[in-house]
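Structure file protein-v9.csv (CSV, C-alpha atoms and all ligand atoms) is printed below.
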chain,number,residue,atom,x,y,z
W,1,MET,CA,84.3,0.1,65.5
W,2,HIS,CA,84.0,1.5,69.0
W,3,ALA,CA,86.1,3.9,70.9
W,4,THR,CA,85.9,5.5,74.3
W,5,HIS,CA,85.8,9.3,74.3
W,6,ILE,CA,86.2,11.5,77.2
W,7,ILE,CA,83.6,14.2,77.1
W,8,GLY,CA,84.2,17.7,78.4
W,9,ASN,CA,82.8,17.1,81.9
W,10,GLY,CA,85.0,14.1,82.4
W,11,SER,CA,82.3,11.4,82.0
W,12,ARG,CA,83.1,8.5,79.7
W,13,THR,CA,80.9,7.3,77.0
W,14,THR,CA,81.2,4.8,74.1
W,15,VAL,CA,80.4,6.2,70.7
W,16,ASN,CA,80.6,4.8,67.2
W,17,VAL,CA,83.5,6.1,65.3
W,18,ALA,CA,83.2,6.0,61.6
W,19,LEU,CA,86.2,4.8,59.6
W,20,PRO,CA,88.3,7.7,58.4
W,21,THR,CA,86.2,9.3,55.7
W,22,ARG,CA,87.6,10.6,52.5
W,23,ALA,CA,87.4,14.3,52.2
W,24,LEU,CA,84.7,15.4,49.7
W,25,GLU,CA,87.4,17.0,47.5
W,26,GLN,CA,89.0,13.5,47.2
W,27,CYS,CA,85.8,12.1,45.7
W,28,PRO,CA,85.8,13.2,42.1
W,29,ALA,CA,83.9,11.1,39.6
W,30,LEU,CA,85.3,9.6,36.4
W,31,ILE,CA,82.9,10.3,33.6
W,32,LEU,CA,82.4,7.7,30.9
W,33,ASN,CA,80.7,8.1,27.6
W,34,ALA,CA,77.8,5.9,26.8
W,35,ASP,CA,80.2,3.3,25.4
W,36,TYR,CA,82.0,3.1,28.8
W,37,ARG,CA,85.2,4.7,27.6
W,38,PRO,CA,86.2,7.9,29.3
W,39,LEU,CA,84.4,10.9,27.9
W,40,SER,CA,87.8,12.4,27.2
W,41,TYR,CA,91.4,11.4,27.9
W,42,LEU,CA,93.2,14.6,27.5
W,43,PRO,CA,92.4,15.9,29.9
W,44,LEU,CA,90.8,12.9,31.6
W,45,SER,CA,87.1,13.5,32.1
W,46,ILE,CA,86.7,14.1,35.8
W,47,TRP,CA,83.9,16.0,37.6
W,48,SER,CA,83.9,17.3,41.1
W,49,TRP,CA,81.4,15.7,43.5
W,50,GLN,CA,79.1,18.7,43.2
W,51,GLU,CA,79.0,18.5,39.4
W,52,ALA,CA,78.5,14.7,39.6
W,53,VAL,CA,75.6,15.0,42.0
W,54,LYS,CA,73.9,17.7,39.9
W,55,ALA,CA,74.2,15.4,36.8
W,56,ILE,CA,72.6,12.6,38.7
W,57,PHE,CA,69.6,14.8,39.7
W,58,ARG,CA,69.4,16.1,36.1
W,59,GLY,CA,69.1,12.4,35.0
W,60,THR,CA,71.8,12.7,32.3
W,61,VAL,CA,74.1,10.0,33.9
W,62,SER,CA,73.9,6.6,35.6
W,63,VAL,CA,76.0,5.6,38.5
W,64,VAL,CA,78.5,2.8,37.8
W,65,TYR,CA,80.5,2.8,41.1
W,66,GLU,CA,80.1,4.6,44.3
W,67,TYR,CA,82.4,5.7,47.1
W,68,GLU,CA,81.7,4.7,50.7
W,69,ARG,CA,81.5,8.5,51.4
W,70,GLU,CA,78.0,9.7,51.9
W,71,ILE,CA,76.4,13.1,51.8
W,72,SER,CA,73.1,13.9,53.3
W,73,SER,CA,70.4,16.5,53.1
W,74,PRO,CA,67.5,16.8,55.5
W,75,SER,CA,65.4,14.5,53.2
W,76,GLN,CA,67.9,12.0,51.9
W,77,ARG,CA,71.3,10.4,52.0
W,78,MET,CA,73.4,9.3,49.1
W,79,LYS,CA,76.7,7.8,48.4
W,80,LEU,CA,79.0,9.9,46.2
W,81,PRO,CA,79.5,8.5,42.7
W,82,SER,CA,83.0,7.3,41.8
W,83,VAL,CA,82.2,6.4,38.2
W,84,LEU,CA,79.3,7.8,36.1
W,85,VAL,CA,78.3,6.9,32.6
W,86,MET,CA,76.5,9.3,30.2
W,87,LYS,CA,73.0,8.0,29.2
W,88,GLU,CA,73.4,9.5,25.7
W,89,TYR,CA,76.5,9.1,23.6
W,90,VAL,CA,78.5,12.4,23.3
W,91,PRO,CA,80.3,12.6,19.9
W,92,GLU,CA,84.1,12.6,20.2
W,93,LYS,CA,86.0,15.8,19.8
W,94,ARG,CA,88.1,15.7,16.7
W,95,THR,CA,90.8,18.1,17.7
W,96,PRO,CA,92.8,18.2,20.9
W,97,THR,CA,92.8,21.2,23.1
W,98,PHE,CA,95.7,23.5,22.6
W,99,SER,CA,97.1,23.4,26.1
W,100,ARG,CA,100.4,23.4,27.9
W,101,PHE,CA,100.1,19.8,28.8
W,102,ASN,CA,99.2,18.7,25.3
W,103,VAL,CA,102.1,20.6,23.7
W,104,PHE,CA,104.5,18.8,26.1
W,105,LEU,CA,102.8,15.6,25.4
W,106,ARG,CA,103.1,16.1,21.6
W,107,ASP,CA,106.8,16.9,22.1
W,108,HIS,CA,107.3,14.0,24.5
W,109,TRP,CA,108.7,16.4,27.1
W,110,LYS,CA,111.8,16.9,24.9
W,111,CYS,CA,113.4,20.2,24.3
W,112,GLN,CA,112.9,20.6,20.5
W,113,TYR,CA,116.3,22.2,20.1
W,114,CYS,CA,118.8,20.1,22.2
W,115,GLY,CA,116.6,17.0,22.3
W,116,ASP,CA,117.0,16.4,26.0
W,117,LYS,CA,114.1,15.3,28.1
W,118,PHE,CA,112.9,17.5,31.0
W,119,ARG,CA,110.4,17.6,33.8
W,120,THR,CA,107.5,19.9,33.2
W,121,GLN,CA,108.8,22.5,35.7
W,122,ALA,CA,112.1,22.8,33.7
W,123,LEU,CA,110.4,23.1,30.3
W,124,THR,CA,109.3,26.3,28.7
W,125,PHE,CA,107.6,27.2,25.4
W,126,ASP,CA,109.3,28.7,22.5
W,127,HIS,CA,107.7,30.6,19.6
W,128,VAL,CA,109.6,29.2,16.6
W,129,ILE,CA,108.9,32.4,14.8
W,130,PRO,CA,109.2,35.0,17.6
W,131,ARG,CA,106.2,36.9,18.6
W,132,ALA,CA,108.1,40.1,17.9
W,133,LYS,CA,108.4,38.9,14.3
W,134,GLY,CA,104.7,38.1,13.9
W,135,GLY,CA,104.8,34.5,15.2
W,136,GLU,CA,101.5,33.2,16.6
W,137,THR,CA,100.7,31.1,19.7
W,138,THR,CA,99.5,28.1,17.8
W,139,TRP,CA,100.3,24.4,17.5
W,140,GLN,CA,102.3,25.3,14.4
W,141,ASN,CA,104.5,27.8,16.1
W,142,ILE,CA,105.0,26.6,19.7
W,143,VAL,CA,107.5,24.0,20.8
W,144,ALA,CA,108.7,22.7,24.1
W,145,ALA,CA,112.2,24.1,24.9
W,146,CYS,CA,114.5,23.9,27.9
W,147,GLN,CA,115.3,27.2,29.5
W,148,CYS,CA,118.8,27.2,28.2
W,149,CYS,CA,117.8,26.7,24.6
W,150,ASN,CA,115.0,29.2,24.9
W,151,ALA,CA,117.4,31.8,26.2
W,152,THR,CA,119.9,31.1,23.5
W,153,LYS,CA,117.4,31.4,20.8
W,154,GLY,CA,115.9,34.5,22.2
W,155,SER,CA,113.8,36.4,19.7
W,156,LYS,CA,115.8,35.2,16.7
W,157,LEU,CA,114.4,33.3,13.7
W,158,PRO,CA,115.6,29.7,13.4
W,159,SER,CA,117.6,30.7,10.3
W,160,GLU,CA,119.3,33.5,12.2
W,161,CYS,CA,120.6,31.3,15.0
W,162,ASN,CA,120.6,27.9,13.2
W,163,MET,CA,118.3,26.5,15.8
W,164,HIS,CA,115.5,24.4,14.1
W,165,PRO,CA,112.9,22.3,16.0
W,166,LEU,CA,113.6,18.6,15.8
W,167,HIS,CA,110.1,18.1,14.6
W,168,GLU,CA,108.1,20.6,12.6
W,169,PRO,CA,105.4,21.7,15.0
W,170,ARG,CA,101.9,20.8,14.0
W,171,GLN,CA,98.5,20.0,15.5
W,172,PRO,CA,98.5,16.4,16.6
W,173,SER,CA,95.5,14.2,16.3
W,174,ILE,CA,93.6,13.1,19.4
W,175,HIS,CA,94.7,9.5,18.6
W,176,GLU,CA,98.4,10.4,18.5
W,177,LEU,CA,98.2,12.2,21.8
W,178,GLU,CA,96.2,9.4,23.4
W,179,ALA,CA,98.7,6.8,22.2
W,180,TYR,CA,101.5,8.6,23.9
W,181,ALA,CA,99.5,9.6,27.0
W,182,GLN,CA,99.1,5.9,27.9
W,183,LYS,CA,102.6,6.1,29.2
W,184,PHE,CA,101.8,9.0,31.4
W,185,PRO,CA,98.9,8.2,33.7
W,186,PRO,CA,98.0,11.1,36.0
W,187,ASN,CA,99.0,10.3,39.6
W,188,PHE,CA,95.6,10.8,41.1
W,189,LEU,CA,93.7,7.8,39.7
W,190,HIS,CA,91.3,6.1,42.0
W,191,LYS,CA,91.3,2.3,42.3
W,192,GLU,CA,87.7,2.2,41.2
W,193,TRP,CA,88.6,3.8,37.9
W,194,GLU,CA,91.1,1.1,37.0
W,195,ASP,CA,88.6,-0.9,34.9
W,196,PHE,CA,87.9,1.9,32.6
W,197,LEU,CA,91.3,3.1,31.8
W,198,TYR,CA,93.8,1.5,29.5
W,199,TRP,CA,97.0,2.2,31.4
W,200,ASP,CA,99.2,-0.8,32.2
W,201,SER,CA,98.8,-2.3,35.6
W,202,GLU,CA,102.6,-1.9,36.1
W,203,LEU,CA,101.8,1.8,36.6
W,204,GLU,CA,99.5,1.2,39.4
W,205,ASP,CA,101.8,2.9,41.9
W,206,GLY,CA,100.1,6.0,40.8
W,207,TYR,CA,96.8,5.0,42.3
W,208,VAL,CA,95.3,6.7,45.3
W,209,HIS,CA,93.7,4.2,47.7
U,301,ZN,ZN,117.3,22.5,25.1
Mind converting the file's structure to structure tokens?
Ligand SMILES: [Zn+2]
Amino acid sequence: MHATHIIGNGSRTTVNVALPTRALEQCPALILNADYRPLSYLPLSIWSWQEAVKAIFRGTVSVVYEYEREISSPSQRMKLPSVLVMKEYVPEKRTPTFSRFNVFLRDHWKCQYCGDKFRTQALTFDHVIPRAKGGETTWQNIVAACQCCNATKGSKLPSECNMHPLHEPRQPSIHELEAYAQKFPPNFLHKEWEDFLYWDSELEDGYVH
């Protein structure tokens, strides 16, 4: 592609103009385990381009797909990786991370008191046994709750306000979360990653091109 640029002194010259390049921050790499499944789903295993490049130089990964985007140093140029695979199999984690996202995922974004579904921004967490009464911040004592139910329950025990969670909170298995997560693909998937993820193609609107 060519374009005519006017240079500061008014003279015209024709220069090569590269196609719009993707910002480096938009070039994360999907990391696959040695069996070509993502290293983790929850959260999805994604490395920044810097981490990805370091791993290539350490020799712990192989490149599966590349972006068109290149980086260069005085001595070499390289295309940034889009998908990397671990050379050695990393054993699967057995328990899911106790995180905000995973609690919402376990509870299906449903307030565990009124049963209505909410968007993430409208949901809060409730300590079933209030902290003031010794309740801990654990899988077994935290549930998703809408702001209204959370305020109503306040720092009362379930028996004091007759508000009991729809499902007894517990630590889910990785597989339970993964099965439900299939319905909620993150909205930043790159086209190149499609082959390695199990989400339905009907959800492809979420892809970034
Ligand atoms: Zn509610």
Do you have, as CSV, the list of residues of chain W lying at most 10 Å from ligand ZN 301 (chain U), each with its nearest atom pair and that distance in Å to one decimal, counting only C-alpha atoms and all ligand atoms and ordered by chain then number?
residue,atom,partner,partner_atom,distance
W:Lys110,CA,U:ZN301,ZN,7.9
W:Cys111,CA,U:ZN301,ZN,4.6
W:Gln112,CA,U:ZN301,ZN,6.6
W:Tyr113,CA,U:ZN301,ZN,5.1
W:Cys114,CA,U:ZN301,ZN,4.1
W:Gly115,CA,U:ZN301,ZN,6.2
W:Asp116,CA,U:ZN301,ZN,6.2
W:Lys117,CA,U:ZN301,ZN,8.4
W:Phe118,CA,U:ZN301,ZN,8.9
W:Leu123,CA,U:ZN301,ZN,8.7
W:Thr124,CA,U:ZN301,ZN,9.6
W:Ala144,CA,U:ZN301,ZN,8.7
W:Ala145,CA,U:ZN301,ZN,5.3
W:Cys146,CA,U:ZN301,ZN,4.2
W:Gln147,CA,U:ZN301,ZN,6.7
W:Cys148,CA,U:ZN301,ZN,5.8
W:Cys149,CA,U:ZN301,ZN,4.3
W:Asn150,CA,U:ZN301,ZN,7.1
W:Ala151,CA,U:ZN301,ZN,9.4
W:Thr152,CA,U:ZN301,ZN,9.1
W:Lys153,CA,U:ZN301,ZN,9.9
* To do: Compile the contact shell of W:Ser82 as a PyMOL selection string: residues with an atom at most 8 Å away, counting all atoms listed in the file, same-chain residues fewer than 4 positions apart removed.
  => chain W and resi 27-30+63-67+192-193
Writer output for current selection, C-alpha atoms, as a CSV table (one decimal), in the frame of the given file:
chain,number,residue,atom,x,y,z
W,27,CYS,CA,85.8,12.1,45.7
W,28,PRO,CA,85.8,13.2,42.1
W,29,ALA,CA,83.9,11.1,39.6
W,30,LEU,CA,85.3,9.6,36.4
W,63,VAL,CA,76.0,5.6,38.5
W,64,VAL,CA,78.5,2.8,37.8
W,65,TYR,CA,80.5,2.8,41.1
W,66,GLU,CA,80.1,4.6,44.3
W,67,TYR,CA,82.4,5.7,47.1
W,192,GLU,CA,87.7,2.2,41.2
W,193,TRP,CA,88.6,3.8,37.9
* Fewer than 4 positions away in the same chain doesn't count, so skip those; otherwise give me all residues within 12 Å of W:Ser173, counting all atoms listed in the file, as a PyMOL selection string. => chain W and resi 42+93-98+102-103+105-106+139+177-180
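Atom CA of W:Lys191 is positioned 25.4 Å from atom CA of W:Glu92.
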Edge lengths and centre in Å, axis-aligned, stretch 132-144 of chain W plus 8 Å each side, as lines of an AutoDock Vina configuration file:
center_x = 104.1
center_y = 31.4
center_z = 19.0
size_x = 25.2
size_y = 33.4
size_z = 26.2
* Using only C-alpha atoms: which of W:Lys156, W:Arg37, W:His190, W:Arg69 has the shortest distance to W:Ile129 -> W:Lys156
* Would you kindly return, as number ranges by chain, each protein, DNA or RNA residue with an atom no farther than 9 Å from any atom of W:Asp107, considering only C-alpha atoms and excluding same-chain residues fewer than 6 positions away? => W: 143-144, 167, 169
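Note that atom CA of W:Arg100 and atom CA of W:Ile46 are 18.3 Å apart.
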